[in-house]
Amino acid sequence: MIIKSSKAIRNGYKDISELCKSTKEPVHLTVNGEGDLVVMNIVAFYEREKQLSIREQLLAVESDRLRGVSDIPARDVIAEGRAMLKALSVGATNE
């Protein structure tokens, strides 16, 4: 965990920005020794958000599985997707 005082961002924004980019870790900012803010590089933020979204989806699928909800075989999903793409391409040529 990287901890810096709030003075660090006031006096050296560029340094904090570079630290966030190079470590890809959040930087915890303190005021009078108490936690106040967390800053991080925007690319790392969106990567983390994507990971959290995937994790959330996996947990939902696992929850469904544990409750006995039946799944759809992959071959059926692929066949349905191909049929939809074919219908779209036929519709596009008729317009």
# chains A, B, ... in the order shown; residues from 1 in each chain; ligands from 1
>>> residues_around(residues="Leu19 (chain A)", least_positions_apart="6", cutoff="9 Å", atoms="only C-alpha atoms", output="mmCIF file with N, CA and C atoms, in the first residue's frame")
data_model
loop_
_atom_site.group_PDB
_atom_site.id
_atom_site.type_symbol
_atom_site.label_atom_id
_atom_site.label_comp_id
_atom_site.auth_asym_id
_atom_site.auth_seq_id
_atom_site.Cartn_x
_atom_site.Cartn_y
_atom_site.Cartn_z
ATOM 1 N N GLU A 25 -0.858 0.907 -8.895
ATOM 2 C CA GLU A 25 -1.488 0.727 -7.595
ATOM 3 C C GLU A 25 -2.122 2.036 -7.145
ATOM 4 N N VAL A 27 -2.866 5.135 -4.679
ATOM 5 C CA VAL A 27 -2.087 5.877 -3.688
ATOM 6 C C VAL A 27 -3.072 6.441 -2.670
ATOM 7 N N MET A 40 -5.713 6.884 -8.316
ATOM 8 C CA MET A 40 -5.045 5.862 -9.108
ATOM 9 C C MET A 40 -5.077 6.238 -10.577
ATOM 10 N N ASN A 41 -4.193 5.619 -11.319
ATOM 11 C CA ASN A 41 -4.115 5.822 -12.756
ATOM 12 C C ASN A 41 -5.426 5.378 -13.399
#
>>> atom_distance(atom1="CA of Ile3 (chain A)", atom2="CA of Ile42 (chain A)")
18.2 Å
>>> residues_around(residues="Ile16 (chain A)", least_positions_apart="6", cutoff="12 Å", atoms="only C-alpha atoms", output="MDAnalysis selection string")
chainID A and resid 2:10 22:29 38:41
